[in-house]
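Engineer: Sending over target_32.csv (CSV, C-alpha atoms).
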chain,number,residue,atom,x,y,z
A,2,MET,CA,15.1,-10.0,12.8
A,3,ARG,CA,15.0,-11.6,9.3
A,4,LEU,CA,17.5,-14.1,8.2
A,5,PHE,CA,19.1,-13.5,4.9
A,6,GLY,CA,20.7,-15.9,2.4
A,7,PRO,CA,24.4,-15.5,1.6
A,8,PHE,CA,25.2,-12.4,-0.1
A,9,ILE,CA,28.1,-12.5,-2.5
A,10,PRO,CA,30.1,-9.3,-2.4
A,11,SER,CA,31.3,-7.9,-5.7
A,12,LEU,CA,34.9,-7.6,-6.5
A,13,ALA,CA,34.7,-3.9,-6.2
A,14,MET,CA,33.4,-4.1,-2.7
A,15,LEU,CA,36.1,-6.5,-1.7
A,16,LEU,CA,38.7,-4.2,-2.9
A,17,LEU,CA,37.1,-1.3,-1.1
A,18,ALA,CA,36.8,-3.2,2.1
A,19,SER,CA,40.4,-4.2,2.0
A,20,SER,CA,41.6,-0.7,1.3
A,21,GLY,CA,39.2,0.8,3.8
A,22,VAL,CA,41.7,2.8,5.8
A,23,GLY,CA,39.8,5.1,8.1
A,24,ALA,CA,36.5,3.8,6.9
A,25,GLN,CA,33.8,3.8,9.4
A,26,THR,CA,31.5,0.9,9.9
A,27,VAL,CA,28.0,2.0,9.2
A,28,LEU,CA,25.6,0.7,11.9
A,29,ILE,CA,23.5,-1.3,9.4
A,30,ASP,CA,20.8,-2.2,11.9
A,31,LYS,CA,20.2,1.5,12.7
A,32,SER,CA,20.5,2.6,9.1
A,33,GLU,CA,18.0,2.3,6.3
A,34,ILE,CA,17.5,2.9,2.6
A,35,ARG,CA,13.9,3.5,1.9
A,36,PHE,CA,12.0,4.8,-1.1
A,37,ILE,CA,8.6,6.1,-2.0
A,38,SER,CA,7.2,5.4,-5.4
A,39,ARG,CA,3.9,6.7,-6.6
A,40,GLN,CA,1.5,4.3,-8.2
A,41,MET,CA,-1.6,5.9,-9.7
A,42,GLY,CA,-1.3,8.8,-7.3
A,43,VAL,CA,-0.8,6.6,-4.3
A,44,ASN,CA,2.4,6.6,-2.3
A,45,ILE,CA,3.9,3.1,-1.9
A,46,GLU,CA,6.7,2.8,0.6
A,47,GLY,CA,9.5,0.3,0.2
A,48,ARG,CA,13.0,-0.4,1.3
A,49,PHE,CA,16.0,-2.5,0.7
A,50,ARG,CA,16.7,-5.1,3.4
A,51,LYS,CA,20.2,-5.9,2.3
A,52,TRP,CA,22.9,-3.5,1.3
A,53,LYS,CA,26.5,-2.6,2.2
A,54,ALA,CA,28.1,0.6,2.8
A,55,ASN,CA,31.7,1.8,2.9
A,56,VAL,CA,31.7,5.3,4.3
A,57,ASP,CA,34.6,7.4,5.3
A,58,PHE,CA,33.0,10.7,6.3
A,59,ARG,CA,35.4,13.5,7.5
A,60,PRO,CA,33.5,16.8,7.9
A,61,LYS,CA,36.8,18.6,8.1
A,62,ASP,CA,38.4,16.8,5.2
A,63,LEU,CA,35.7,16.3,2.6
A,64,ARG,CA,38.2,15.6,-0.1
A,65,LYS,CA,39.3,12.5,1.6
A,66,SER,CA,35.7,11.5,2.4
A,67,LYS,CA,33.8,8.9,0.5
A,68,ALA,CA,30.6,7.1,0.5
A,69,GLU,CA,30.1,3.9,-1.4
A,70,PHE,CA,27.0,1.8,-1.3
A,71,GLU,CA,26.0,-1.5,-2.9
A,72,ILE,CA,22.3,-2.5,-2.7
A,73,ASP,CA,21.1,-6.0,-3.2
A,74,LEU,CA,18.1,-5.3,-5.4
A,75,SER,CA,16.5,-8.7,-4.8
A,76,SER,CA,16.2,-7.7,-1.1
A,77,ILE,CA,13.5,-5.2,-2.0
A,78,ASP,CA,10.6,-4.9,0.4
A,79,LEU,CA,7.5,-3.8,-1.5
A,80,ALA,CA,3.7,-4.1,-1.0
A,81,SER,CA,3.5,-7.8,-1.7
A,82,GLU,CA,5.5,-10.8,-2.8
A,83,GLU,CA,3.8,-10.5,-6.1
A,84,THR,CA,5.2,-7.0,-6.7
A,85,GLU,CA,8.6,-7.9,-5.4
A,86,THR,CA,8.8,-10.8,-7.9
A,87,GLU,CA,7.7,-8.5,-10.6
A,88,VAL,CA,10.4,-5.9,-10.1
A,89,MET,CA,13.1,-8.5,-10.3
A,90,ARG,CA,12.0,-9.3,-13.9
A,91,PRO,CA,13.8,-7.9,-17.0
A,92,ARG,CA,11.2,-5.2,-17.4
A,93,TRP,CA,12.2,-3.7,-14.1
A,94,PHE,CA,15.5,-4.3,-12.3
A,95,ASP,CA,16.5,-7.4,-14.2
A,96,THR,CA,18.2,-8.8,-11.2
A,97,ALA,CA,19.4,-11.9,-13.0
A,98,ARG,CA,21.7,-9.6,-15.1
A,99,PHE,CA,22.0,-6.7,-12.7
A,100,PRO,CA,21.8,-8.0,-9.1
A,101,VAL,CA,23.0,-4.8,-7.4
A,102,ALA,CA,22.8,-1.1,-7.7
A,103,THR,CA,25.8,1.0,-6.6
A,104,PHE,CA,26.6,4.5,-5.6
A,105,HIS,CA,30.1,5.9,-5.5
A,106,SER,CA,30.6,9.4,-4.3
A,107,THR,CA,32.8,11.6,-6.4
A,108,ALA,CA,32.7,14.8,-4.5
A,109,MET,CA,31.3,16.2,-1.2
A,110,LYS,CA,30.4,19.8,-0.5
A,111,ASP,CA,29.8,21.6,2.8
A,112,LEU,CA,26.6,23.5,2.6
A,113,GLY,CA,26.9,24.9,6.1
A,114,GLY,CA,24.8,24.1,9.1
A,115,ASP,CA,25.7,20.4,9.2
A,116,ARG,CA,24.4,20.0,5.7
A,117,TYR,CA,26.4,18.5,2.9
A,118,GLU,CA,26.0,17.5,-0.7
A,119,ILE,CA,27.3,14.3,-1.9
A,120,ALA,CA,27.7,14.0,-5.6
A,121,GLY,CA,28.3,10.6,-7.1
A,122,LYS,CA,27.6,8.0,-9.7
A,123,LEU,CA,24.5,5.9,-9.3
A,124,THR,CA,24.5,2.7,-11.3
A,125,VAL,CA,21.3,0.8,-11.8
A,126,LYS,CA,20.7,-1.8,-14.5
A,127,GLY,CA,24.0,-1.0,-16.1
A,128,ARG,CA,23.1,2.7,-16.5
A,129,VAL,CA,25.4,5.2,-14.7
A,130,LEU,CA,24.0,8.6,-13.9
A,131,ASP,CA,25.2,11.5,-11.8
A,132,GLU,CA,23.1,12.1,-8.7
A,133,LYS,CA,23.4,14.7,-5.9
A,134,ILE,CA,22.3,13.7,-2.5
A,135,PRO,CA,21.8,16.4,0.1
A,136,ILE,CA,22.4,15.2,3.6
A,137,GLU,CA,22.1,16.5,7.1
A,138,VAL,CA,24.3,15.2,9.8
A,139,LYS,CA,23.2,15.2,13.5
A,140,ARG,CA,24.3,13.4,16.6
A,141,ASP,CA,22.0,11.1,18.4
A,142,ALA,CA,21.9,10.5,22.2
A,143,ALA,CA,24.6,7.8,22.0
A,144,GLY,CA,26.9,10.2,20.2
A,145,ASN,CA,26.6,8.5,16.8
A,146,SER,CA,26.5,10.6,13.7
A,147,VAL,CA,23.2,10.3,11.9
A,148,ALA,CA,23.1,11.3,8.3
A,149,THR,CA,19.7,11.7,6.7
A,150,GLY,CA,19.2,12.5,3.1
A,151,GLU,CA,16.4,12.5,0.5
A,152,PHE,CA,16.8,12.7,-3.2
A,153,THR,CA,14.6,12.0,-6.2
A,154,ILE,CA,15.7,9.7,-9.1
A,155,LYS,CA,13.9,9.0,-12.3
A,156,ARG,CA,13.3,5.3,-12.8
A,157,LEU,CA,12.9,5.6,-16.6
A,158,ALA,CA,16.4,7.0,-17.0
A,159,PHE,CA,17.6,3.7,-15.7
A,160,ASP,CA,15.2,1.7,-17.8
A,161,VAL,CA,13.4,0.5,-14.7
A,162,GLY,CA,9.9,-0.4,-15.6
A,163,ASN,CA,9.7,-0.5,-19.4
A,164,GLY,CA,7.2,-1.6,-21.9
A,165,GLN,CA,3.7,-1.6,-20.5
A,166,TRP,CA,5.1,-0.2,-17.2
A,167,ALA,CA,6.7,2.9,-18.9
A,168,ASP,CA,3.5,4.9,-18.5
A,169,PRO,CA,4.3,7.4,-15.7
A,170,THR,CA,0.6,7.9,-14.9
A,171,VAL,CA,0.5,4.3,-13.6
A,172,VAL,CA,3.9,4.2,-11.9
A,173,ALA,CA,5.5,7.7,-11.6
A,174,ASP,CA,8.9,8.3,-13.1
A,175,GLU,CA,10.1,9.9,-9.9
A,176,VAL,CA,11.1,7.8,-7.0
A,177,VAL,CA,12.0,9.5,-3.8
A,178,VAL,CA,14.9,7.8,-2.0
A,179,ARG,CA,15.4,8.3,1.7
A,180,VAL,CA,18.6,7.4,3.3
A,181,ARG,CA,19.5,7.3,6.9
A,182,MET,CA,23.0,6.2,7.8
A,183,VAL,CA,24.2,5.9,11.4
A,184,LEU,CA,28.0,6.1,11.9
A,185,PRO,CA,29.5,5.2,15.3
A,186,ARG,CA,31.1,8.0,17.3
A,187,ALA,CA,34.6,8.6,16.2
A,188,GLY,CA,37.0,6.5,18.4
B,22,MET,CA,-51.7,6.0,7.8
B,23,THR,CA,-48.3,4.5,8.1
B,24,GLN,CA,-46.2,4.4,5.0
B,25,PHE,CA,-45.7,0.9,3.9
B,26,ARG,CA,-42.7,1.6,1.7
B,27,TYR,CA,-39.2,2.8,2.5
B,28,THR,CA,-38.7,6.4,1.6
B,29,GLY,CA,-37.3,7.2,-1.8
B,30,THR,CA,-34.0,8.2,-0.3
B,31,ALA,CA,-33.7,4.9,1.6
B,32,GLN,CA,-34.6,2.9,-1.5
B,33,ALA,CA,-32.1,4.8,-3.6
B,34,LEU,CA,-29.4,4.3,-1.0
B,35,HIS,CA,-30.2,0.6,-0.8
B,36,TRP,CA,-30.1,-0.1,-4.5
B,37,LEU,CA,-27.0,2.0,-5.0
B,38,ALA,CA,-25.2,0.2,-2.2
B,39,ALA,CA,-26.4,-3.2,-3.6
B,40,LEU,CA,-25.0,-2.3,-7.1
B,41,LEU,CA,-21.7,-1.1,-5.7
B,42,ILE,CA,-21.3,-4.1,-3.4
B,43,PHE,CA,-21.9,-6.5,-6.3
B,44,CYS,CA,-19.3,-4.5,-8.5
B,45,GLY,CA,-16.8,-4.4,-5.7
B,46,PHE,CA,-17.2,-8.0,-4.7
B,47,GLY,CA,-17.0,-9.2,-8.3
B,48,LEU,CA,-14.0,-7.0,-9.1
B,49,GLY,CA,-12.3,-8.3,-6.0
B,50,LEU,CA,-12.8,-11.9,-7.1
B,51,PHE,CA,-11.7,-11.1,-10.6
B,52,MET,CA,-8.6,-8.9,-10.0
B,53,THR,CA,-6.8,-11.0,-7.4
B,54,GLY,CA,-6.0,-13.8,-9.8
B,55,LEU,CA,-4.6,-11.6,-12.6
B,56,GLU,CA,-1.0,-11.4,-13.7
B,57,ILE,CA,0.4,-8.1,-12.4
B,58,THR,CA,-0.1,-5.4,-15.1
B,59,PRO,CA,-1.0,-1.7,-15.0
B,60,ASP,CA,-4.6,-2.8,-15.5
B,61,LYS,CA,-4.5,-4.9,-12.4
B,62,LEU,CA,-3.3,-1.8,-10.4
B,63,ARG,CA,-6.2,0.2,-11.8
B,64,TYR,CA,-8.7,-2.5,-10.8
B,65,TYR,CA,-7.3,-2.5,-7.2
B,66,GLY,CA,-7.7,1.3,-7.2
B,67,TRP,CA,-11.3,1.1,-8.3
B,68,HIS,CA,-12.0,-1.8,-5.9
B,69,LYS,CA,-10.8,0.4,-3.0
B,70,TRP,CA,-12.9,3.4,-4.2
B,71,LEU,CA,-16.0,1.1,-4.4
B,72,GLY,CA,-15.3,-0.1,-0.9
B,73,ILE,CA,-14.9,3.3,0.6
B,74,THR,CA,-18.1,4.4,-1.1
B,75,VAL,CA,-20.0,1.4,0.3
B,76,PHE,CA,-18.7,2.4,3.7
B,77,LEU,CA,-19.8,6.0,3.3
B,78,LEU,CA,-23.3,4.8,2.0
B,79,ALA,CA,-23.7,2.5,5.0
B,80,ALA,CA,-22.9,5.4,7.4
B,81,ILE,CA,-25.4,7.7,5.5
B,82,ARG,CA,-28.0,4.9,5.6
B,83,LEU,CA,-27.7,4.4,9.3
B,84,ALA,CA,-28.0,8.2,9.9
B,85,TRP,CA,-31.1,8.3,7.6
B,86,ARG,CA,-32.6,5.3,9.2
B,87,ALA,CA,-32.2,6.9,12.7
B,88,GLY,CA,-34.7,9.6,11.5
B,89,HIS,CA,-36.8,7.4,9.3
B,90,PRO,CA,-37.7,4.1,10.8
B,91,ALA,CA,-38.2,1.1,8.6
B,92,PRO,CA,-41.8,0.4,7.5
B,93,PRO,CA,-43.5,-2.3,9.6
B,94,LEU,CA,-43.2,-6.0,8.7
B,95,PRO,CA,-46.4,-7.9,7.9
B,96,ALA,CA,-48.3,-8.6,11.1
B,97,ILE,CA,-48.6,-12.3,10.3
B,98,MET,CA,-44.8,-12.8,10.0
B,99,PRO,CA,-43.7,-15.5,12.6
B,100,ALA,CA,-41.5,-14.2,15.4
B,101,TRP,CA,-38.5,-16.3,14.4
B,102,GLN,CA,-38.6,-14.7,11.0
B,103,ILE,CA,-38.7,-11.2,12.5
B,104,ARG,CA,-35.7,-12.1,14.7
B,105,ALA,CA,-33.8,-13.6,11.8
B,106,SER,CA,-34.6,-10.6,9.7
B,107,ARG,CA,-33.3,-8.2,12.4
B,108,ALA,CA,-30.1,-10.2,12.8
B,109,ALA,CA,-29.5,-10.4,9.1
B,110,HIS,CA,-30.0,-6.7,8.6
B,111,ALA,CA,-27.8,-5.9,11.6
B,112,MET,CA,-25.1,-8.1,10.1
B,113,LEU,CA,-25.4,-6.5,6.7
B,114,TYR,CA,-24.8,-3.1,8.2
B,115,VAL,CA,-21.9,-4.4,10.3
B,116,LEU,CA,-20.3,-6.0,7.2
B,117,MET,CA,-20.9,-2.9,5.0
B,118,LEU,CA,-18.8,-1.0,7.5
B,119,ALA,CA,-16.3,-3.7,8.6
B,120,ILE,CA,-15.4,-5.0,5.1
B,121,PRO,CA,-14.2,-1.7,3.6
B,122,LEU,CA,-12.5,-1.0,6.9
B,123,SER,CA,-10.6,-4.3,6.8
B,124,GLY,CA,-9.6,-3.7,3.2
B,125,TRP,CA,-8.4,-0.2,4.1
B,126,ILE,CA,-6.3,-1.5,7.1
B,127,TYR,CA,-5.0,-4.3,4.9
B,128,SER,CA,-3.9,-1.8,2.3
B,129,SER,CA,-2.1,0.2,5.0
B,130,ALA,CA,-0.4,-2.9,6.2
B,131,THR,CA,1.0,-3.6,2.7
B,132,GLY,CA,2.4,-0.1,2.7
B,133,VAL,CA,-0.1,1.1,0.0
B,134,SER,CA,-2.1,4.2,1.1
B,135,VAL,CA,-5.7,4.5,0.0
B,136,VAL,CA,-6.4,7.7,-2.0
B,137,TYR,CA,-10.2,7.9,-2.4
B,138,LEU,CA,-11.1,8.5,-6.0
B,139,GLY,CA,-7.4,9.4,-6.5
B,140,LEU,CA,-8.1,12.7,-4.8
B,141,VAL,CA,-8.5,12.2,-1.1
B,142,PRO,CA,-5.6,10.6,0.7
B,143,LEU,CA,-6.9,8.5,3.7
B,144,PRO,CA,-4.6,8.0,6.7
B,145,ASP,CA,-2.7,4.8,7.0
B,146,LEU,CA,-4.3,2.9,9.9
B,147,VAL,CA,-1.4,0.5,10.7
B,148,PRO,CA,2.3,0.6,9.9
B,149,LYS,CA,3.5,-1.6,7.0
B,150,ASP,CA,4.0,-5.1,8.1
B,151,ARG,CA,4.0,-8.3,6.0
B,152,GLU,CA,2.6,-10.6,8.7
B,153,THR,CA,-0.1,-8.2,9.7
B,154,ALA,CA,-1.0,-7.8,6.1
B,155,LYS,CA,-1.5,-11.5,5.6
B,156,THR,CA,-3.8,-11.7,8.7
B,157,LEU,CA,-5.8,-8.7,7.5
B,158,LEU,CA,-6.2,-10.2,4.0
B,159,LEU,CA,-7.6,-13.3,5.6
B,160,LEU,CA,-9.9,-11.3,7.7
B,161,HIS,CA,-11.1,-9.3,4.6
B,162,LEU,CA,-11.7,-12.5,2.7
B,163,SER,CA,-13.5,-14.2,5.6
B,164,LEU,CA,-15.8,-11.2,6.1
B,165,ASN,CA,-16.6,-11.3,2.4
B,166,SER,CA,-17.5,-15.0,2.5
B,167,LEU,CA,-19.8,-14.1,5.4
B,168,LEU,CA,-21.3,-11.2,3.4
B,169,ALA,CA,-21.9,-13.5,0.4
B,170,ALA,CA,-23.8,-15.9,2.7
B,171,VAL,CA,-25.9,-13.2,4.4
B,172,VAL,CA,-26.7,-11.5,1.0
B,173,THR,CA,-27.8,-14.9,-0.4
B,174,ILE,CA,-30.1,-15.3,2.5
B,175,HIS,CA,-31.3,-11.7,2.2
B,176,ILE,CA,-32.1,-12.1,-1.5
B,177,ALA,CA,-33.7,-15.6,-1.0
B,178,ALA,CA,-35.9,-14.2,1.9
B,179,ALA,CA,-37.0,-11.2,-0.2
B,180,LEU,CA,-37.9,-13.5,-3.1
B,181,ARG,CA,-39.7,-15.9,-0.8
B,182,HIS,CA,-41.7,-13.1,0.7
B,183,HIS,CA,-42.7,-11.9,-2.7
B,184,PHE,CA,-43.4,-15.1,-4.6
B,185,VAL,CA,-44.2,-17.6,-1.8
B,186,ASP,CA,-45.7,-15.7,1.0
B,187,GLY,CA,-47.2,-13.0,-1.3
B,188,ASP,CA,-46.6,-10.2,1.2
B,189,ASP,CA,-45.3,-6.6,0.9
B,190,VAL,CA,-41.8,-7.2,2.2
B,191,LEU,CA,-40.0,-6.9,-1.1
B,192,ALA,CA,-42.4,-4.2,-2.4
B,193,ARG,CA,-41.4,-2.0,0.5
B,194,MET,CA,-38.1,-1.6,-1.2
B,195,LEU,CA,-39.5,-1.0,-4.7
B,196,PRO,CA,-40.7,2.3,-6.1
B,197,GLY,CA,-44.5,2.5,-5.8
B,198,ARG,CA,-47.2,4.5,-7.6
As a first step, turn the structure in this file into C-alpha cells.
Structural biologist:
Amino acid sequence: MRLFGPFIPSLAMLLLASSGVGAQTVLIDKSEIRFISRQMGVNIEGRFRKWKANVDFRPKDLRKSKAEFEIDLSSIDLASEETETEVMRPRWFDTARFPVATFHSTAMKDLGGDRYEIAGKLTVKGRVLDEKIPIEVKRDAAGNSVATGEFTIKRLAFDVGNGQWADPTVVADEVVVRVRMVLPRAG
Amino acid sequence: MTQFRYTGTAQALHWLAALLIFCGFGLGLFMTGLEITPDKLRYYGWHKWLGITVFLLAAIRLAWRAGHPAPPLPAIMPAWQIRASRAAHAMLYVLMLAIPLSGWIYSSATGVSVVYLGLVPLPDLVPKDRETAKTLLLLHLSLNSLLAAVVTIHIAAALRHHFVDGDDVLARMLPGR
C-alpha cells in the first residue's frame, strides 16, 4: 500500500460530502480509474492513485441517483517518473493551476440488462465537456455492486498536451478511460 | 578442402548484427539523457525495434550456425586463446538474446507495450510495476556494460589476429575473392 500526502478537498466536495444523504461509500481500495493512451501506436496504461467519489446509485430511482468524482491529477501513475513529471506541466494538465479533474453526473439512463448510461460534465484543465459513460453493474461474491465502464475522451479538446505534443501521431488524441467502482451491498 | 571463410550468409548476418548493435547501443546512450519530447519517444521506439531485430538476427544466426559450423581456427593458436574465444562468442550470443529480452521485459514493467516496427504488438511479459521496472532497467544497463566489454575484447582480438599474429581469423569474416 502506498502512502499519500495530505489531499486537500475542494469546497465542492466538502459540500457534497456534508449533503450526502443516501450516498454510498465507494470502496476505494477495490475501485480504480485507469486509462489507456496511445503513444506512437503503442498502448500505455496508466491510472490515478488518488481520487474521491460521491456516488448515490439507485437503479430504481435514477433521477435521484448521482455520481461525482474528483481526481487528483498529480496522483497519476504513468510509465516513468519522467513522464509523470511532464504531464503535470502547463503543456499537459497544468496541475499547478488545475490540480483536479471532476465529473458530475447530470442524468442517468437505464439501457436494460444491468447497463446504464451516465451523462455528465467532465472538467479538465478548466474546460467543461459533456461526456457519456456507459456502465454495467454486476454483483460480486460479497454482494457488492461492481460498476464497470469504459469511455473515450479526446485530450486535445481539454488542451491536454499542446504545442509540440499536439501531434496525435505521437500521442493519440483519444484516451480510453476505464472505470471500476465497487459499492458496498445496500444495508 | 575445408572452407576457411564463414559463409556469405553468416558474414552478412554478422555485420548486420554488428551495425544494428552499434546503432542500438549508441541510441540507447544518447536518448536516455534527453529532455522528454516527441523525438525522445521516437528514439525509444527505434531503440526497441533495433533490439528486437538484434534478437531475431541472433536466433537466425544460431540456427544457421547449427547447419554451418564455424571455419576452423588456426592450428597454431594456443589452447587458452581457443577457450577464451569460445567463451567470448558464447557470451556474445547470450547477450544478443538477453539484452533485447531484458529491454522488452523492462518496457512491459513500465506499462509500455512493445510494438515491433509499429506493426507487430508483442505480448507484455510482466505486469506493470515501478519497482520491477527499476530492477529490470539496472539489469538491462548491466548487461550492456558487459556487452561493451566483451565486444571490445572481440574487436581487439580480431585486430590482434590480423595485424600482430598475421593469421586468417579476421579474414574468415571478410568477403573473399
Engineer: Would you pick out the contacts of Leu140 in chain B at 12 Å or less, using only C-alpha atoms, so that residues sharing its chain but fewer than 4 positions from it are not included, and give the list as a list in words?
Structural biologist: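 Once the nearby chain positions are removed, what remains is Met41, Gly42 and Val43 of chain A; Gly66, Trp70, Ser134, Val135 and Val136 of chain B.
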Engineer: Specify as a ChimeraX atom specification all residues of chain A found within 8 Å of chain B, counting only C-alpha atoms.
Structural biologist: /A:41-47,79-81,83-84,87,165-166,171
Engineer: Dump C-alpha atoms for the selected residues as a PDB file, keeping the file's coordinate frame?
Structural biologist:
ATOM      1  CA  MET A  41      -1.600   5.900  -9.700  1.00  0.00           C
ATOM      2  CA  GLY A  42      -1.300   8.800  -7.300  1.00  0.00           C
ATOM      3  CA  VAL A  43      -0.800   6.600  -4.300  1.00  0.00           C
ATOM      4  CA  ASN A  44       2.400   6.600  -2.300  1.00  0.00           C
ATOM      5  CA  ILE A  45       3.900   3.100  -1.900  1.00  0.00           C
ATOM      6  CA  GLU A  46       6.700   2.800   0.600  1.00  0.00           C
ATOM      7  CA  GLY A  47       9.500   0.300   0.200  1.00  0.00           C
ATOM      8  CA  LEU A  79       7.500  -3.800  -1.500  1.00  0.00           C
ATOM      9  CA  ALA A  80       3.700  -4.100  -1.000  1.00  0.00           C
ATOM     10  CA  SER A  81       3.500  -7.800  -1.700  1.00  0.00           C
ATOM     11  CA  GLU A  83       3.800 -10.500  -6.100  1.00  0.00           C
ATOM     12  CA  THR A  84       5.200  -7.000  -6.700  1.00  0.00           C
ATOM     13  CA  GLU A  87       7.700  -8.500 -10.600  1.00  0.00           C
ATOM     14  CA  GLN A 165       3.700  -1.600 -20.500  1.00  0.00           C
ATOM     15  CA  TRP A 166       5.100  -0.200 -17.200  1.00  0.00           C
ATOM     16  CA  VAL A 171       0.500   4.300 -13.600  1.00  0.00           C
TER      17      VAL A 171
END
Engineer: For range 177-184 of chain A, please output as a list in words all residues within 7 Å (counting only C-alpha atoms; exclusion window: fewer than 5 positions along the same chain).
Structural biologist: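 Neighbouring residues, sequence-local ones excluded: Gln25, Thr26, Val27, Leu28, Lys31, Ser32, Glu33, Ile34, Arg35, Phe36, Ile37, Ser38, Asn145, Ser146, Val147, Ala148, Thr149, Gly150, Glu151, Phe152, Thr153 and Ile154 of chain A.
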Engineer: I'd like the contact shell of Leu159 in chain B - 12 Å cut-off, only C-alpha atoms, skipping same-chain residues fewer than 4 positions apart - returned as a list in words.
Structural biologist: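 Final neighbour list, sorted by chain and number: Ile120, Ser123, Gly124, Ile126, Tyr127, Glu152, Thr153, Ala154, Lys155, Ser163, Leu164, Asn165 and Ser166 of chain B.
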Engineer: Atoms to include: C-alpha atoms. Write the selected residues as a CSV table (one decimal), keeping the file's coordinate frame.
Structural biologist:
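Wrote it out as selection.csv, contents follow:
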chain,number,residue,atom,x,y,z
B,120,ILE,CA,-15.4,-5.0,5.1
B,123,SER,CA,-10.6,-4.3,6.8
B,124,GLY,CA,-9.6,-3.7,3.2
B,126,ILE,CA,-6.3,-1.5,7.1
B,127,TYR,CA,-5.0,-4.3,4.9
B,152,GLU,CA,2.6,-10.6,8.7
B,153,THR,CA,-0.1,-8.2,9.7
B,154,ALA,CA,-1.0,-7.8,6.1
B,155,LYS,CA,-1.5,-11.5,5.6
B,163,SER,CA,-13.5,-14.2,5.6
B,164,LEU,CA,-15.8,-11.2,6.1
B,165,ASN,CA,-16.6,-11.3,2.4
B,166,SER,CA,-17.5,-15.0,2.5
Engineer: For the atom pair CA of Arg186 in chain A and CA of Gly144 in chain A, what is the interatomic distance in Å to one decimal place?
Structural biologist: 5.6 Å
Engineer: In Å, with one decimal, what is the gap from CA of Phe46 in chain B to CA of Leu77 in chain B?
Structural biologist: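 These two atoms are separated by 16.3 Å.
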Engineer: Can you tell me how far CA of His182 in chain B sits from CA of Gly29 in chain B, in Å to one decimal?
Structural biologist: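 Between these atoms lies a distance of 20.9 Å.
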Engineer: Excluding Thr107 in chain A and its own-chain neighbours fewer than 6 positions away, which residues fall within 8 Å of it when counting all atoms listed in the file? Please give them as JSON, numbers by chain.
Structural biologist: {"A": [67, 119, 120, 121, 122]}
Engineer: Please return as a list in words every residue within 12 Å of (26.9, 12.7, -13.1), taking into account all atoms listed in the file and the file's own coordinates.
Structural biologist: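 Collected hits near the coordinates: Phe104, His105, Ser106, Thr107, Ala108, Ile119, Ala120, Gly121, Lys122, Leu123, Thr124, Arg128, Val129, Leu130, Asp131, Glu132, Lys133 and Ile134 of chain A.
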Engineer: Between A:Arg92, A:Arg39, A:Lys110, A:Lys139, single out the one closest to Lys61 in chain A, counting only C-alpha atoms.
Structural biologist: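 That would be A:Lys110, the residue with the smallest distance to Lys61 in chain A.
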Engineer: Could you check which of B:Ala33, B:Ala170, B:Leu191, B:Leu157 is closest to Ile81 in chain B, using all atoms listed in the file?
Structural biologist: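 Ranking B:Ala33, B:Ala170, B:Leu191, B:Leu157 by distance to Ile81 in chain B, first place goes to B:Ala33.
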Engineer: As a ChimeraX atom specification, please: the residues near Gly187 in chain B (cut-off 12 Å, only C-alpha atoms, same-chain neighbours under 5 positions excluded).
Structural biologist: /B:95,97-98,178-182,192
Engineer: Take the residues that were just selected and, keeping C-alpha atoms, output them as a JSON list (two decimals), in the coordinates of the input.
Structural biologist:
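So result.json came out as:
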[["chain", "number", "residue", "atom", "x", "y", "z"],
["B", 95, "PRO", "CA", -46.40, -7.90, 7.90],
["B", 97, "ILE", "CA", -48.60, -12.30, 10.30],
["B", 98, "MET", "CA", -44.80, -12.80, 10.00],
["B", 178, "ALA", "CA", -35.90, -14.20, 1.90],
["B", 179, "ALA", "CA", -37.00, -11.20, -0.20],
["B", 180, "LEU", "CA", -37.90, -13.50, -3.10],
["B", 181, "ARG", "CA", -39.70, -15.90, -0.80],
["B", 182, "HIS", "CA", -41.70, -13.10, 0.70],
["B", 192, "ALA", "CA", -42.40, -4.20, -2.40]]
Engineer: Counting all atoms listed in the file, which residue out of A:Ala68, A:Asp78, A:Asp174, A:Pro169 sits closest to Ile136 in chain A?
Structural biologist: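 Going through A:Ala68, A:Asp78, A:Asp174, A:Pro169 one by one, the smallest distance to Ile136 in chain A is for A:Ala68.
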